[in-house]
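Have a look at the structure below before the remarks.
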Amino acid sequence: MGSAAPAGAASLDADSVHRGSVGCFNYSWGDGDVTYTIYYHNTCSEKSAFAGTTNALVDNKWCANVDADGKGHVVVYAKPMTFASAKGGRC
């Protein structure tokens, strides 16, 4: 799995939108008051896994198996820190 820091990780105002890509995925997320919703799109022609970590002390990892050209979102309760992608869709 390759990983990348979230786009625009420098200090930003609340409600800023962050965009980036890693492996097969384009993603975006916005700063929220309590939660962060991460939207993603698998741009590859095969199922792939999209994973990430947050700065939470507990339950700080998440992963989604996404079909080719699939889209989705995940809600996390702490700021996203890293993103990773792996072809084959195995979390």
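Residue numbers start at 1 in each chain; chains themselves are named A, B, ... in the order of the structure tokens; ligands are numbered from 1 in the order shown.
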
Query - DSSP strand (DSSP E) residues within region 10-89 of chain A, as a PyMOL selection string - result: chain A and resi 17-22+25-30+36-42+48-54+61-66+71-76+80-87

Please produce an output containing N, CA and C atoms for each residue in the selection, written as a short mmCIF file (atom, residue, chain, number, x, y, z; two decimals), in the first residue's frame.
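So the final result, stored in out.cif, reads:
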data_model
loop_
_atom_site.label_atom_id
_atom_site.label_comp_id
_atom_site.auth_asym_id
_atom_site.auth_seq_id
_atom_site.Cartn_x
_atom_site.Cartn_y
_atom_site.Cartn_z
N VAL A 17 -11.93 22.91 2.06
CA VAL A 17 -12.03 21.64 1.34
C VAL A 17 -10.63 21.22 0.94
N HIS A 18 -10.30 19.95 1.19
CA HIS A 18 -9.00 19.39 0.87
C HIS A 18 -9.20 18.35 -0.23
N ARG A 19 -8.33 18.35 -1.23
CA ARG A 19 -8.44 17.39 -2.33
C ARG A 19 -7.08 16.73 -2.54
N GLY A 20 -7.12 15.49 -3.01
CA GLY A 20 -5.87 14.80 -3.30
C GLY A 20 -6.13 13.53 -4.05
N SER A 21 -5.06 12.79 -4.31
CA SER A 21 -5.17 11.48 -4.95
C SER A 21 -4.04 10.60 -4.45
N VAL A 22 -4.33 9.32 -4.43
CA VAL A 22 -3.35 8.33 -4.05
C VAL A 22 -3.72 7.04 -4.77
N PHE A 25 -7.25 6.32 -6.38
CA PHE A 25 -8.32 7.11 -5.79
C PHE A 25 -8.09 8.61 -5.85
N ASN A 26 -9.17 9.33 -6.17
CA ASN A 26 -9.26 10.76 -5.95
C ASN A 26 -10.12 10.92 -4.71
N TYR A 27 -9.79 11.87 -3.86
CA TYR A 27 -10.58 12.06 -2.64
C TYR A 27 -10.69 13.53 -2.30
N SER A 28 -11.67 13.84 -1.49
CA SER A 28 -11.81 15.19 -0.95
C SER A 28 -12.45 15.08 0.42
N TRP A 29 -12.18 16.06 1.26
CA TRP A 29 -12.79 16.12 2.58
C TRP A 29 -12.80 17.56 3.06
N GLY A 30 -13.75 17.84 3.91
CA GLY A 30 -13.87 19.19 4.44
C GLY A 30 -13.74 19.20 5.94
N TYR A 36 -15.69 14.71 10.01
CA TYR A 36 -15.06 14.96 8.71
C TYR A 36 -15.62 13.90 7.77
N THR A 37 -16.19 14.31 6.63
CA THR A 37 -16.69 13.35 5.65
C THR A 37 -15.70 13.31 4.50
N ILE A 38 -15.19 12.11 4.22
CA ILE A 38 -14.23 11.90 3.15
C ILE A 38 -14.96 11.24 1.99
N TYR A 39 -14.94 11.89 0.83
CA TYR A 39 -15.55 11.36 -0.39
C TYR A 39 -14.44 10.80 -1.27
N TYR A 40 -14.69 9.65 -1.90
CA TYR A 40 -13.65 9.03 -2.72
C TYR A 40 -14.23 8.43 -3.99
N HIS A 41 -13.35 8.29 -5.00
CA HIS A 41 -13.71 7.73 -6.30
C HIS A 41 -12.57 6.84 -6.77
N ASN A 42 -12.86 5.57 -7.03
CA ASN A 42 -11.88 4.63 -7.56
C ASN A 42 -11.81 4.84 -9.07
N SER A 48 -10.50 -1.95 -5.82
CA SER A 48 -9.34 -1.52 -5.06
C SER A 48 -9.76 -1.15 -3.65
N ALA A 49 -8.80 -1.17 -2.73
CA ALA A 49 -9.05 -0.78 -1.35
C ALA A 49 -8.56 0.64 -1.14
N PHE A 50 -9.34 1.41 -0.38
CA PHE A 50 -8.98 2.77 -0.02
C PHE A 50 -8.98 2.84 1.50
N ALA A 51 -7.87 3.23 2.08
CA ALA A 51 -7.74 3.19 3.54
C ALA A 51 -7.15 4.50 4.04
N GLY A 52 -7.31 4.73 5.32
CA GLY A 52 -6.74 5.93 5.91
C GLY A 52 -6.65 5.84 7.41
N THR A 53 -5.97 6.83 7.97
CA THR A 53 -5.87 6.95 9.41
C THR A 53 -6.26 8.36 9.81
N THR A 54 -6.64 8.52 11.06
CA THR A 54 -6.96 9.82 11.61
C THR A 54 -6.07 10.07 12.81
N LYS A 61 -8.32 3.97 12.32
CA LYS A 61 -8.10 3.44 10.98
C LYS A 61 -9.42 3.07 10.34
N TRP A 62 -9.51 3.22 9.02
CA TRP A 62 -10.69 2.82 8.27
C TRP A 62 -10.24 2.31 6.91
N CYS A 63 -11.09 1.49 6.28
CA CYS A 63 -10.77 0.93 4.98
C CYS A 63 -12.06 0.60 4.25
N ALA A 64 -12.07 0.79 2.93
CA ALA A 64 -13.24 0.45 2.11
C ALA A 64 -12.79 -0.29 0.86
N ASN A 65 -13.46 -1.37 0.53
CA ASN A 65 -13.25 -2.08 -0.73
C ASN A 65 -14.20 -1.46 -1.74
N VAL A 66 -13.65 -0.92 -2.83
CA VAL A 66 -14.45 -0.14 -3.77
C VAL A 66 -14.35 -0.74 -5.17
N LYS A 71 -17.75 4.93 -6.21
CA LYS A 71 -17.64 6.12 -5.37
C LYS A 71 -18.25 5.81 -4.01
N GLY A 72 -17.83 6.56 -3.01
CA GLY A 72 -18.40 6.39 -1.69
C GLY A 72 -17.92 7.47 -0.76
N HIS A 73 -18.25 7.29 0.51
CA HIS A 73 -17.78 8.23 1.52
C HIS A 73 -17.72 7.54 2.87
N VAL A 74 -16.95 8.11 3.75
CA VAL A 74 -16.82 7.63 5.12
C VAL A 74 -16.80 8.85 6.03
N VAL A 75 -17.43 8.73 7.19
CA VAL A 75 -17.45 9.80 8.18
C VAL A 75 -16.51 9.40 9.31
N VAL A 76 -15.59 10.28 9.65
CA VAL A 76 -14.66 10.03 10.76
C VAL A 76 -14.80 11.16 11.77
N PRO A 80 -8.45 13.57 9.26
CA PRO A 80 -7.72 12.59 8.45
C PRO A 80 -6.23 12.94 8.40
N MET A 81 -5.37 11.91 8.48
CA MET A 81 -3.93 12.13 8.48
C MET A 81 -3.25 11.51 7.26
N THR A 82 -3.58 10.26 6.93
CA THR A 82 -2.96 9.58 5.80
C THR A 82 -4.00 8.85 4.98
N PHE A 83 -3.68 8.62 3.71
CA PHE A 83 -4.54 7.86 2.80
C PHE A 83 -3.66 6.84 2.08
N ALA A 84 -4.25 5.68 1.73
CA ALA A 84 -3.51 4.64 1.02
C ALA A 84 -4.45 3.92 0.06
N SER A 85 -3.87 3.30 -0.96
CA SER A 85 -4.64 2.59 -1.96
C SER A 85 -3.96 1.26 -2.26
N ALA A 86 -4.76 0.22 -2.53
CA ALA A 86 -4.21 -1.08 -2.92
C ALA A 86 -5.14 -1.72 -3.92
N LYS A 87 -4.61 -2.13 -5.06
CA LYS A 87 -5.43 -2.82 -6.06
C LYS A 87 -5.84 -4.18 -5.52
#

Query - Spatial neighbours of Lys47 (chain A), max dist 6 Å, only C-alpha atoms, sep filter under 5 positions, as an NGL selection string - result: :A and (66-68 or 88-89)

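For the pair CA of Leu57 (chain A) and CA of Lys79 (chain A), the separation is 11.4 Å.
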
Report task. Between CA of Gly70 (chain A) and CA of Gly23 (chain A), measure the distance and give it in Å to one decimal. Result ->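 Taking CA of Gly70 (chain A) as the start and CA of Gly23 (chain A) as the end point, the length is 14.2 Å.
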
Report task. Can you work out the spacing between CA of Cys44 (chain A) and CA of Cys24 (chain A) in Å, to one decimal? Result -> 5.3 Å
